[in-house]
file structure-v8.txt (compact mmCIF, C-alpha atoms)
# COMPACT_ATOMS: atom_id res chain seq x y z
CA MET A 1 -43.02 -14.56 25.28
CA ASP A 2 -45.90 -13.69 22.97
CA PRO A 3 -48.31 -10.93 23.95
CA GLN A 4 -52.03 -11.67 24.03
CA LEU A 5 -52.81 -8.03 23.29
CA THR A 6 -53.21 -7.85 19.50
CA LYS A 7 -51.14 -5.51 17.36
CA SER A 8 -54.28 -3.53 16.60
CA GLN A 9 -55.07 -3.17 20.31
CA GLN A 10 -51.47 -2.18 21.07
CA LYS A 11 -51.62 0.46 18.34
CA THR A 12 -54.88 1.82 19.74
CA ILE A 13 -53.45 2.13 23.25
CA CYS A 14 -50.22 3.68 21.97
CA SER A 15 -52.23 6.29 20.07
CA GLN A 16 -53.31 7.61 23.48
CA LEU A 17 -49.74 7.89 24.73
CA GLY A 18 -47.73 9.47 21.91
CA ARG A 19 -44.95 7.93 19.79
CA VAL A 20 -44.37 4.85 21.93
CA LYS A 21 -44.27 1.08 21.76
CA LEU A 22 -45.22 -1.62 24.28
CA GLN A 23 -42.72 -4.13 25.66
CA LEU A 24 -44.16 -7.12 27.54
CA LEU A 25 -42.74 -7.40 31.08
CA TYR A 26 -45.05 -9.76 32.93
CA LYS A 27 -47.39 -12.53 31.80
CA ALA A 28 -49.22 -14.22 34.64
CA SER A 29 -49.72 -17.55 32.84
CA ILE A 30 -45.91 -17.82 32.59
CA HIS A 31 -44.60 -15.99 35.66
CA GLY A 32 -47.45 -16.76 38.05
CA PHE A 33 -50.65 -15.12 39.30
CA THR A 34 -48.91 -13.71 42.36
CA GLY A 35 -48.03 -10.28 43.66
CA ALA A 36 -44.43 -11.43 44.15
CA ALA A 37 -44.05 -12.50 40.52
CA PHE A 38 -45.63 -9.26 39.30
CA HIS A 39 -43.39 -7.06 41.44
CA GLN A 40 -40.26 -9.02 40.56
CA ARG A 41 -40.89 -8.33 36.87
CA CYS A 42 -42.37 -4.82 37.05
CA ASP A 43 -41.07 -2.86 40.04
CA THR A 44 -39.23 0.38 39.15
CA ARG A 45 -40.45 0.05 35.54
CA GLY A 46 -42.68 2.84 34.33
CA PRO A 47 -44.78 3.95 32.59
CA THR A 48 -46.79 0.76 32.21
CA VAL A 49 -50.01 -0.58 30.72
CA SER A 50 -51.64 -3.40 32.71
CA VAL A 51 -54.17 -5.63 30.97
CA GLY A 52 -56.63 -8.22 32.28
CA TYR A 53 -58.43 -10.86 30.22
CA ASN A 54 -61.44 -12.97 31.22
CA ALA A 55 -63.35 -15.91 29.74
CA SER A 56 -66.16 -13.58 28.65
CA GLY A 57 -63.78 -12.03 26.10
CA PHE A 58 -63.26 -8.70 27.86
CA VAL A 59 -59.89 -6.95 27.57
CA PHE A 60 -59.46 -4.22 30.17
CA GLY A 61 -56.88 -2.58 32.41
CA GLY A 62 -55.10 0.65 33.27
CA TYR A 63 -52.20 2.97 32.51
CA THR A 64 -49.89 4.76 34.93
CA LYS A 65 -46.73 6.76 34.40
CA GLN A 66 -45.57 5.87 37.92
CA PRO A 67 -43.18 2.94 38.47
CA PHE A 68 -44.51 0.15 40.67
CA SER A 69 -43.12 -0.61 44.15
CA GLN A 70 -44.20 -2.34 47.39
CA SER A 71 -44.27 0.74 49.64
CA GLY A 72 -47.94 0.34 50.56
CA GLN A 73 -48.48 4.02 49.70
CA TYR A 74 -50.72 5.76 47.19
CA VAL A 75 -48.94 7.71 44.45
CA ASN A 76 -50.11 10.72 42.49
CA ASP A 77 -50.66 10.38 38.76
CA ASP A 78 -52.84 12.88 36.92
CA GLN A 79 -52.32 11.01 33.64
CA ALA A 80 -53.53 7.60 34.85
CA PHE A 81 -56.60 6.04 33.26
CA LEU A 82 -58.52 2.77 33.12
CA PHE A 83 -59.80 1.31 29.87
CA THR A 84 -61.68 -1.48 28.18
CA PHE A 85 -62.09 -2.55 24.59
CA ASN A 86 -65.47 -2.58 22.91
CA GLY A 87 -64.51 -4.43 19.75
CA GLU A 88 -61.60 -2.42 18.34
CA LYS A 89 -62.75 0.76 20.08
CA LEU A 90 -61.02 1.86 23.29
CA LEU A 91 -63.24 3.16 26.09
CA LYS A 92 -61.17 5.31 28.43
CA TYR A 93 -61.89 6.21 32.08
CA PRO A 94 -59.58 9.02 33.31
CA VAL A 95 -58.54 9.21 36.95
CA THR A 96 -60.79 11.47 39.06
CA GLY A 97 -58.68 11.35 42.22
CA PRO A 98 -55.08 11.69 40.97
CA ALA A 99 -53.59 11.80 44.48
CA ASN A 100 -54.74 8.18 44.94
CA ALA A 101 -54.34 7.02 41.34
CA VAL A 102 -52.19 3.95 42.10
CA ARG A 103 -51.46 2.04 45.30
CA MET A 104 -48.26 0.06 45.81
CA ILE A 105 -49.42 -3.21 47.42
CA GLY A 106 -47.02 -6.14 47.76
CA ASN A 107 -49.42 -9.12 47.68
CA SER A 108 -51.38 -8.02 44.59
CA GLY A 109 -50.82 -7.16 40.97
CA PRO A 110 -51.52 -3.71 39.42
CA TYR A 111 -53.60 -1.70 41.92
CA PHE A 112 -55.44 1.34 40.55
CA GLY A 113 -56.74 3.34 43.50
CA GLU A 114 -59.48 1.29 45.11
CA ALA A 115 -61.26 0.93 41.76
CA LEU A 116 -59.48 -1.89 39.92
CA VAL A 117 -57.00 -4.50 41.13
CA LEU A 118 -55.62 -7.24 38.89
CA VAL A 119 -54.30 -10.47 40.49
CA ASN A 120 -55.93 -9.39 43.74
CA GLY A 121 -54.50 -11.09 46.83
CA SER A 122 -52.17 -13.13 44.61
CA GLN A 123 -55.12 -14.90 42.98
CA PRO A 124 -56.26 -14.93 39.32
CA VAL A 125 -59.14 -12.61 40.16
CA VAL A 126 -60.13 -8.97 39.80
CA TYR A 127 -61.24 -6.61 42.56
CA THR A 128 -63.42 -3.79 41.27
CA CYS A 129 -65.20 -0.85 42.90
CA PRO A 130 -66.26 1.93 40.50
CA GLY A 131 -66.31 5.44 41.89
CA ASN A 132 -63.16 5.14 44.00
CA TYR A 133 -60.92 7.58 42.11
CA TYR A 134 -62.13 6.28 38.73
CA ASN A 135 -65.69 6.31 37.33
CA PHE A 136 -66.77 3.46 35.08
CA ASN A 137 -69.53 0.93 34.49
CA ALA A 138 -68.39 -2.49 35.75
CA ALA A 139 -70.56 -4.43 33.29
CA GLU A 140 -69.14 -2.33 30.44
CA MET A 141 -65.56 -2.79 31.59
CA HIS A 142 -65.40 -6.51 32.29
CA GLY A 143 -68.94 -7.91 32.11
CA ASN A 144 -68.84 -8.54 35.88
CA ASN A 145 -66.70 -11.59 35.23
CA LEU A 146 -63.98 -11.23 37.86
CA ASN A 147 -61.97 -14.37 37.04
CA LEU A 148 -58.81 -13.72 35.08
CA THR A 149 -57.64 -16.05 32.31
CA GLU A 150 -54.56 -13.88 31.80
CA CYS A 151 -52.90 -10.73 33.11
CA GLU A 152 -50.14 -8.84 31.31
CA VAL A 153 -48.09 -5.76 32.11
CA TYR A 154 -46.31 -3.83 29.36
CA HIS A 155 -43.57 -1.25 29.70
CA VAL A 156 -44.33 1.88 27.67
CA GLU A 157 -41.16 2.75 25.77
CA GLU A 158 -40.66 5.96 23.88
CA PHE A 159 -39.20 5.68 20.42
CA GLU A 160 -35.85 7.36 20.17
CA LYS A 161 -36.15 10.83 18.75
CA PRO A 162 -35.19 10.84 15.07
CA TRP A 163 -31.76 12.35 14.52
CA ARG A 164 -33.10 13.91 11.34
CA PRO A 165 -36.65 15.22 11.75
CA VAL A 166 -39.06 14.35 8.95
CA VAL A 167 -42.79 15.06 8.80
CA TRP A 168 -44.19 11.77 7.51
CA GLU A 169 -47.46 13.03 6.06
CA ASN A 170 -49.05 13.07 2.61
CA GLU A 171 -48.84 16.85 2.68
CA THR A 172 -45.05 16.59 2.87
CA ARG A 173 -45.00 14.34 -0.18
CA THR A 174 -47.25 16.75 -2.10
CA GLU A 175 -45.18 19.78 -1.08
CA LEU A 176 -41.94 18.09 -2.17
CA MET A 177 -43.41 17.12 -5.55
CA GLU A 178 -44.71 20.65 -6.18
CA SER A 179 -41.40 22.18 -5.09
CA ILE A 180 -39.49 19.99 -7.54
CA LYS A 181 -41.92 20.65 -10.42
CA SER A 182 -41.75 24.42 -9.90
CA TYR A 183 -37.96 24.61 -9.52
CA LYS A 184 -36.07 26.84 -11.95
CA PRO A 185 -32.27 26.95 -12.23
CA THR A 186 -30.79 30.38 -11.48
CA VAL A 187 -28.80 30.34 -14.75
CA SER A 188 -31.07 31.35 -17.64
CA SER A 189 -29.31 29.12 -20.18
CA VAL A 190 -30.14 26.02 -18.13
CA SER A 191 -33.68 24.63 -18.06
CA GLN A 192 -32.85 21.28 -16.44
CA ILE A 193 -30.12 20.49 -13.94
CA ARG A 194 -27.98 17.46 -14.74
CA VAL A 195 -27.15 15.05 -11.93
CA LEU A 196 -24.54 12.35 -12.51
CA LEU A 197 -25.13 9.03 -10.72
CA ILE A 198 -21.89 7.17 -9.91
CA GLY A 199 -21.59 3.95 -7.95
CA PRO A 200 -20.50 0.33 -7.82
CA VAL A 201 -22.25 -2.34 -9.85
CA GLY A 202 -25.60 -3.24 -8.30
CA ALA A 203 -25.79 -0.27 -5.92
CA GLY A 204 -29.05 0.96 -7.47
CA LYS A 205 -28.25 3.86 -9.85
CA SER A 206 -30.76 2.82 -12.52
CA SER A 207 -33.24 1.76 -9.84
CA PHE A 208 -33.07 5.26 -8.35
CA PHE A 209 -34.15 6.82 -11.65
CA ASN A 210 -36.92 4.21 -12.01
CA SER A 211 -38.08 5.00 -8.47
CA ILE A 212 -38.18 8.78 -9.04
CA ASN A 213 -39.97 8.19 -12.34
CA SER A 214 -42.46 5.95 -10.52
CA VAL A 215 -43.26 8.62 -7.94
CA PHE A 216 -44.15 11.18 -10.60
CA ARG A 217 -45.97 8.65 -12.80
CA GLY A 218 -48.12 7.59 -9.85
CA HIS A 219 -47.30 3.90 -10.18
CA VAL A 220 -44.24 1.64 -10.11
CA THR A 221 -42.51 1.62 -13.48
CA SER A 222 -39.16 0.47 -14.88
CA GLN A 223 -37.72 2.42 -17.79
CA ALA A 224 -33.99 2.08 -17.11
CA ILE A 225 -32.48 -1.41 -17.15
CA SER A 226 -31.88 -2.52 -13.58
CA GLY A 227 -31.40 -5.73 -11.66
CA SER A 228 -28.75 -7.92 -10.06
CA SER A 229 -25.52 -8.76 -11.84
CA THR A 230 -21.81 -9.04 -11.11
CA THR A 231 -21.07 -6.74 -14.06
CA SER A 232 -22.74 -3.49 -14.99
CA LEU A 233 -26.16 -3.77 -16.66
CA THR A 234 -25.72 -0.17 -17.81
CA THR A 235 -23.22 -0.11 -20.69
CA GLN A 236 -24.16 3.26 -22.19
CA PHE A 237 -24.15 6.82 -20.90
CA ARG A 238 -27.85 7.56 -20.59
CA THR A 239 -29.63 10.79 -19.75
CA TYR A 240 -33.11 10.36 -18.32
CA SER A 241 -35.66 13.14 -18.08
CA VAL A 242 -38.52 12.61 -15.64
CA LYS A 243 -42.00 13.78 -16.62
CA ALA A 244 -44.66 15.07 -14.24
CA GLY A 245 -47.12 12.26 -14.89
CA ARG A 246 -48.07 10.49 -18.10
CA GLY A 247 -47.86 13.03 -20.92
CA GLY A 248 -46.79 15.73 -18.46
CA LYS A 249 -44.07 18.31 -18.82
CA PRO A 250 -40.46 17.31 -18.17
CA LEU A 251 -39.22 18.10 -14.68
CA PRO A 252 -36.28 20.51 -14.31
CA LEU A 253 -34.04 17.48 -13.69
CA ILE A 254 -32.02 15.09 -15.83
CA LEU A 255 -30.51 12.02 -14.17
CA CYS A 256 -27.38 10.80 -15.94
CA ASP A 257 -26.76 7.08 -15.56
CA THR A 258 -23.33 5.56 -16.03
CA MET A 259 -21.64 2.21 -16.17
CA GLY A 260 -21.09 0.73 -12.73
CA LEU A 261 -17.73 1.04 -10.98
CA GLU A 262 -15.71 -2.17 -10.70
CA GLU A 263 -12.54 -3.05 -8.80
CA GLY A 264 -10.32 -4.13 -11.64
CA THR A 265 -8.30 -1.94 -13.98
CA GLY A 266 -9.94 -1.77 -17.40
CA ALA A 267 -13.31 -2.86 -15.96
CA GLY A 268 -16.39 -0.76 -15.28
CA LEU A 269 -16.54 3.03 -15.54
CA ASP A 270 -13.19 4.70 -16.32
CA VAL A 271 -12.12 7.74 -14.27
CA ASP A 272 -11.24 9.65 -17.45
CA ASP A 273 -14.75 9.09 -18.80
CA VAL A 274 -16.10 10.65 -15.61
CA ILE A 275 -14.13 13.82 -16.36
CA SER A 276 -15.55 13.92 -19.89
CA ILE A 277 -19.08 13.52 -18.51
CA LEU A 278 -18.57 16.31 -15.98
CA LYS A 279 -17.37 18.66 -18.71
CA GLY A 280 -20.35 17.82 -20.91
CA HIS A 281 -18.42 16.08 -23.71
CA LEU A 282 -20.30 12.74 -23.68
CA PRO A 283 -23.34 12.35 -25.94
CA ASN A 284 -26.44 10.49 -24.81
CA ARG A 285 -26.20 6.74 -25.51
CA TYR A 286 -22.43 6.83 -25.71
CA GLN A 287 -21.22 3.22 -25.52
CA PHE A 288 -18.67 2.84 -22.73
CA ASN A 289 -15.41 1.05 -23.47
CA PRO A 290 -13.50 0.50 -20.20
CA SER A 291 -10.27 -0.18 -22.07
CA ALA A 292 -10.48 2.99 -24.20
CA PRO A 293 -11.95 6.14 -22.62
CA LEU A 294 -13.63 8.83 -24.72
CA HIS A 295 -11.40 11.13 -26.77
CA SER A 296 -12.04 14.16 -28.96
CA GLU A 297 -12.19 12.07 -32.14
CA SER A 298 -14.94 9.79 -30.80
CA HIS A 299 -18.27 9.78 -32.60
CA GLY A 300 -20.70 12.31 -31.09
CA TYR A 301 -18.02 14.02 -29.00
CA CYS A 302 -19.29 17.46 -27.90
CA GLY A 303 -16.34 19.79 -28.35
CA THR A 304 -17.87 23.02 -27.07
CA PRO A 305 -20.34 22.15 -24.33
CA GLY A 306 -22.35 24.90 -22.66
CA VAL A 307 -23.32 25.17 -18.99
CA LYS A 308 -26.53 23.27 -19.77
CA ASP A 309 -24.49 20.27 -21.02
CA LYS A 310 -22.24 20.00 -17.96
CA ILE A 311 -22.91 18.12 -14.73
CA HIS A 312 -24.26 20.34 -11.96
CA CYS A 313 -24.28 17.77 -9.12
CA VAL A 314 -22.71 14.34 -8.56
CA ALA A 315 -24.53 11.69 -6.53
CA TYR A 316 -22.55 8.66 -5.38
CA VAL A 317 -24.90 5.68 -5.06
CA ILE A 318 -23.74 3.29 -2.31
CA ASP A 319 -25.38 0.07 -1.08
CA ALA A 320 -25.88 0.36 2.70
CA CYS A 321 -25.32 -3.40 3.06
CA LYS A 322 -21.82 -3.15 1.56
CA VAL A 323 -20.42 -0.03 3.17
CA SER A 324 -18.33 -1.96 5.68
CA ILE A 325 -17.06 -4.49 3.12
CA MET A 326 -16.25 -2.08 0.31
CA PRO A 327 -13.14 -3.43 -1.47
CA THR A 328 -10.02 -1.28 -1.11
CA LYS A 329 -9.53 -0.90 -4.86
CA LEU A 330 -13.11 0.25 -5.31
CA GLU A 331 -12.70 2.75 -2.49
CA GLU A 332 -9.52 4.03 -4.14
CA LYS A 333 -11.38 4.44 -7.44
CA LEU A 334 -14.11 6.44 -5.73
CA GLU A 335 -11.48 8.57 -4.01
CA ALA A 336 -9.78 9.30 -7.37
CA ILE A 337 -13.13 10.34 -8.86
CA ARG A 338 -14.00 12.49 -5.84
CA ARG A 339 -10.69 14.38 -6.11
CA LYS A 340 -11.37 15.13 -9.79
CA VAL A 341 -14.91 16.26 -9.01
CA ASN A 342 -13.63 18.51 -6.22
CA LEU A 343 -11.14 20.19 -8.58
CA MET A 344 -13.98 20.96 -10.97
CA GLY A 345 -16.10 22.50 -8.22
CA VAL A 346 -19.10 20.22 -8.68
CA PRO A 347 -21.18 19.63 -5.49
CA GLN A 348 -21.39 16.02 -4.31
CA LEU A 349 -23.78 13.99 -2.20
CA VAL A 350 -24.24 10.31 -1.37
CA LEU A 351 -27.39 8.29 -1.90
CA MET A 352 -27.25 5.36 0.52
CA THR A 353 -29.57 2.74 -0.94
CA LYS A 354 -31.10 -0.51 0.35
CA VAL A 355 -31.50 0.80 3.90
CA ASP A 356 -34.41 -1.60 4.34
CA GLU A 357 -32.07 -4.55 3.74
CA ALA A 358 -29.28 -3.22 5.96
CA CYS A 359 -31.33 -2.81 9.17
CA PRO A 360 -34.21 -5.11 10.24
CA PHE A 361 -35.78 -2.19 12.13
CA VAL A 362 -36.41 -0.26 8.88
CA PRO A 363 -38.58 -2.65 6.79
CA GLN A 364 -41.04 -2.80 9.69
CA ASP A 365 -41.65 0.88 9.01
CA ILE A 366 -39.56 2.99 6.63
CA ARG A 367 -40.09 5.92 9.03
CA ASN A 368 -37.65 4.20 11.38
CA VAL A 369 -34.75 5.04 9.05
CA TYR A 370 -33.77 8.13 11.06
CA MET A 371 -34.20 6.34 14.38
CA SER A 372 -31.97 3.40 13.48
CA GLY A 373 -28.60 3.61 15.19
CA TYR A 374 -27.19 1.14 12.68
CA ILE A 375 -28.23 3.24 9.68
CA LYS A 376 -26.66 6.28 11.27
CA GLU A 377 -23.42 4.32 11.82
CA MET A 378 -23.41 3.26 8.15
CA MET A 379 -24.00 6.85 7.06
CA GLN A 380 -21.14 8.03 9.26
CA GLU A 381 -18.89 5.31 7.85
CA VAL A 382 -19.68 6.16 4.22
CA SER A 383 -19.18 9.83 5.08
CA THR A 384 -15.68 9.03 6.36
CA ARG A 385 -14.79 6.66 3.52
CA LEU A 386 -15.87 9.03 0.76
CA GLY A 387 -14.76 12.22 2.51
CA VAL A 388 -18.12 13.99 2.39
CA PRO A 389 -19.96 15.61 5.33
CA LEU A 390 -22.67 13.54 7.03
CA SER A 391 -25.17 16.22 5.97
CA CYS A 392 -24.44 15.21 2.36
CA VAL A 393 -25.44 11.56 2.93
CA VAL A 394 -29.08 10.79 2.15
CA PRO A 395 -30.67 7.36 2.80
CA VAL A 396 -33.21 6.10 0.25
CA LYS A 397 -35.16 2.98 -0.54
CA ASN A 398 -35.65 2.27 -4.24
CA TYR A 399 -38.68 0.41 -5.52
CA SER A 400 -37.63 -3.12 -6.46
CA GLU A 401 -40.24 -5.77 -5.66
CA GLU A 402 -43.25 -3.54 -4.90
CA LEU A 403 -46.25 -3.10 -7.20
CA GLU A 404 -47.69 -0.08 -5.39
CA LEU A 405 -46.16 3.18 -4.15
CA ASP A 406 -45.53 3.89 -0.47
CA PRO A 407 -45.94 7.59 0.48
CA ASN A 408 -43.21 7.38 3.14
CA CYS A 409 -40.77 5.77 0.73
CA ASP A 410 -41.65 8.56 -1.72
CA ILE A 411 -40.78 11.20 0.88
CA LEU A 412 -37.24 9.80 1.22
CA LEU A 413 -36.79 9.69 -2.56
CA LEU A 414 -38.19 13.19 -3.11
CA SER A 415 -36.05 14.58 -0.27
CA ALA A 416 -33.00 13.24 -2.09
CA VAL A 417 -34.05 15.04 -5.28
CA GLN A 418 -34.64 18.23 -3.30
CA GLN A 419 -31.06 18.04 -2.02
CA MET A 420 -29.82 17.64 -5.59
CA LEU A 421 -31.63 20.81 -6.63
CA ARG A 422 -30.16 22.70 -3.68
CA PHE A 423 -26.66 21.48 -4.50
CA ALA A 424 -27.12 22.48 -8.14
CA ASP A 425 -28.05 25.98 -6.93
CA ASN A 426 -24.68 26.09 -5.14
CA TYR A 427 -22.98 25.19 -8.42
CA PHE A 428 -24.79 27.98 -10.31
CA ASP A 429 -24.05 30.47 -7.53
CA GLU A 430 -20.34 29.70 -7.87
CA ILE A 431 -20.48 30.10 -11.67
CA MET A 432 -22.13 33.50 -11.34
CA ARG A 433 -19.65 34.58 -8.65
CA ILE A 434 -16.71 33.67 -10.90
CA SER A 435 -18.39 35.35 -13.88
CA ARG A 436 -18.87 38.62 -11.97
CA ARG A 437 -15.25 38.51 -10.78
CA THR A 438 -13.88 38.14 -14.30
CA VAL A 439 -15.99 40.95 -15.77

call {"tool": "encode", "arguments": {"input": "structure-v8.txt", "output": "structure tokens"}}
result
Amino acid sequence: MDPQLTKSQQKTICSQLGRVKLQLLYKASIHGFTGAAFHQRCDTRGPTVSVGYNASGFVFGGYTKQPFSQSGQYVNDDQAFLFTFNGEKLLKYPVTGPANAVRMIGNSGPYFGEALVLVNGSQPVVYTCPGNYYNFNAAEMHGNNLNLTECEVYHVEEFEKPWRPVVWENETRTELMESIKSYKPTVSSVSQIRVLLIGPVGAGKSSFFNSINSVFRGHVTSQAISGSSTTSLTTQFRTYSVKAGRGGKPLPLILCDTMGLEEGTGAGLDVDDVISILKGHLPNRYQFNPSAPLHSESHGYCGTPGVKDKIHCVAYVIDACKVSIMPTKLEEKLEAIRRKVNLMGVPQLVLMTKVDEACPFVPQDIRNVYMSGYIKEMMQEVSTRLGVPLSCVVPVKNYSEELELDPNCDILLLSAVQQMLRFADNYFDEIMRISRRTV
């Protein structure tokens, strides 16, 4: 059942009602221009928006928060209003007699006071009488054409409240960017925190760096090798510093990219190499060899790393589409790494990528990510599988096919970086606590 009300018109009406959407309940051309058909589809459903259409091109109607019935009584509604469209502009006529805002008549469609009745007397016609509890100009509202070509009634549905509140505004994006640029580690010997990205092949580790780099460059860019493959496209240990714009200063953040995790023994990133990375022994551009992990005789091995060389936060990068089908051996490998990371006292979080592919509700509007029950279920599942609190799981959408930036997508990405900085602070706090205790 396709609505005749355009998406633009629906958006305009919804803007008057808060964060809501319209769900079509009744369409006279399908269900019948009768009071019985209208009441069968719409009784007890409220709030509603009722819309009439005529051959002169007018689109008009009314809103009420009260559910319809066939009691024959008037009902009070101080929020009711009538409306008409003048092009894309909505002209609104608020109720002037709220005690008689809507009347519940059985043999008619939507009945707003004595001012506007759609499907009057179970006929495809309009009854109109301005001044009876609503003031409007009849010619302005419907052009005095009282024959209906269509009548629709929509249920006004509130969006579920987000289970993580986010202010989706450009100011939020700007504030996050400035907060990241101005961040300073609490340990004086460290100028940039080092975050290690660990995850299965194809989960989006390199794409995450490219996405963060894109946000600060102001356009979509691709510095790290990324794409789709059954084996890891990253074969070297790479450290990437993000700059604040072209020619700008480096941000206080280094993202460390690794070879992807694979199921098989002797394939993908080795657990022992992870330990060497955490301790700061691996040089940039170290070539991974899954069958022979790094040892102290390896070329470029850093024997006496400082705090600035070590990893200050670990981010597991997990594809939201594959959480439920994660192979057992891969899960065991992640568990082995997580235990090692725990022993070394390094804070951990999870970046859950590809949320737009996992839930069809999200690509319609990335702001739906924290209103999607499915995304929350996937986050809870990955929390359980990896043994990290739900508060440490952050959903993101990397840039992959886009040519232009999306401010709301940027907010998710920047929020993830903000969490990394906060977790790194926890790491430095622990170092200083231990240092004071040993003095």

call {"tool": "closest_residue", "arguments": {"input": "structure-v8.txt", "among": "A:Asp319, A:Glu430, A:Gly52, A:His39", "to": "A:Met344", "atoms": "only C-alpha atoms"}}
result
A:Glu430

call {"tool": "closest_residue", "arguments": {"input": "structure-v8.txt", "among": "A:Ala99, A:Gly280, A:Ile180, A:Val317", "to": "A:Pro305", "atoms": "all atoms listed in the file"}}
result
A:Gly280

call {"tool": "closest_residue", "arguments": {"input": "structure-v8.txt", "among": "A:His281, A:Lys27, A:Lys322, A:Lys11", "to": "A:Leu148", "atoms": "only C-alpha atoms"}}
result
A:Lys27

call {"tool": "residues_around", "arguments": {"input": "structure-v8.txt", "residues": "A:Pro347", "least_positions_apart": "3", "cutoff": "9 Å", "atoms": "only C-alpha atoms", "output": "VMD selection string"}}
result
chain A and resid 312 to 315 341 to 342 420 423 to 424 426 to 427

call {"tool": "residues_around", "arguments": {"input": "structure-v8.txt", "residues": "stretch 406-413 of chain A", "least_positions_apart": "2", "cutoff": "6 Å", "atoms": "all atoms listed in the file", "output": "PyMOL selection string"}}
result
chain A and resi 173+396+415-416

call {"tool": "axis_aligned_box", "arguments": {"input": "structure-v8.txt", "around": "stretch 17-21 of chain A", "padding_each_side": "3 Å", "output": "lines of an AutoDock Vina configuration file"}}
result
center_x = -47.0
center_y = 5.3
center_z = 22.3
size_x = 11.5
size_y = 14.4
size_z = 10.9

call {"tool": "closest_residue", "arguments": {"input": "structure-v8.txt", "among": "A:Ile275, A:Val242, A:Ala203, A:Ala139", "to": "A:Thr353", "atoms": "only C-alpha atoms"}}
result
A:Ala203

call {"tool": "residues_around", "arguments": {"input": "structure-v8.txt", "residues": "A:Asp429", "least_positions_apart": "3", "cutoff": "12 Å", "atoms": "all atoms listed in the file", "output": "ChimeraX atom specification"}}
result
/A:185-187,312,345-347,422-426,432-436

call {"tool": "decode", "arguments": {"input": "structure-v8.txt", "residues": "stretch 194-205 of chain A", "atoms": "N, CA, C and O atoms", "output": "short mmCIF file (atom, residue, chain, number, x, y, z; two decimals), in the first residue's frame"}}
result
data_model
loop_
_atom_site.label_atom_id
_atom_site.label_comp_id
_atom_site.auth_asym_id
_atom_site.auth_seq_id
_atom_site.Cartn_x
_atom_site.Cartn_y
_atom_site.Cartn_z
N ARG A 194 49.22 5.37 21.12
CA ARG A 194 49.29 4.33 20.09
C ARG A 194 48.16 3.33 20.32
O ARG A 194 48.06 2.72 21.38
N VAL A 195 47.33 3.19 19.30
CA VAL A 195 46.18 2.29 19.36
C VAL A 195 46.40 1.15 18.37
O VAL A 195 46.63 1.38 17.18
N LEU A 196 46.35 -0.07 18.87
CA LEU A 196 46.54 -1.25 18.03
C LEU A 196 45.20 -1.75 17.53
O LEU A 196 44.29 -2.03 18.32
N LEU A 197 45.07 -1.88 16.20
CA LEU A 197 43.85 -2.41 15.59
C LEU A 197 44.05 -3.90 15.30
O LEU A 197 44.97 -4.29 14.59
N ILE A 198 43.19 -4.73 15.88
CA ILE A 198 43.26 -6.19 15.70
C ILE A 198 41.90 -6.68 15.23
O ILE A 198 40.87 -6.29 15.78
N GLY A 199 41.90 -7.56 14.23
CA GLY A 199 40.62 -8.10 13.79
C GLY A 199 40.78 -9.09 12.66
O GLY A 199 41.85 -9.20 12.05
N PRO A 200 39.72 -9.81 12.36
CA PRO A 200 39.75 -10.79 11.26
C PRO A 200 40.01 -10.11 9.92
O PRO A 200 39.81 -8.90 9.76
N VAL A 201 40.41 -10.90 8.96
CA VAL A 201 40.61 -10.41 7.59
C VAL A 201 39.30 -9.81 7.08
O VAL A 201 38.22 -10.41 7.21
N GLY A 202 39.38 -8.61 6.52
CA GLY A 202 38.21 -7.98 5.90
C GLY A 202 37.27 -7.27 6.85
O GLY A 202 36.23 -6.78 6.43
N ALA A 203 37.63 -7.18 8.14
CA ALA A 203 36.72 -6.54 9.10
C ALA A 203 36.73 -5.02 8.97
O ALA A 203 35.76 -4.36 9.36
N GLY A 204 37.82 -4.45 8.43
CA GLY A 204 37.84 -3.00 8.21
C GLY A 204 38.85 -2.23 9.03
O GLY A 204 38.64 -1.06 9.31
N LYS A 205 39.98 -2.87 9.40
CA LYS A 205 41.01 -2.19 10.19
C LYS A 205 41.63 -1.04 9.39
O LYS A 205 41.67 0.10 9.84
#
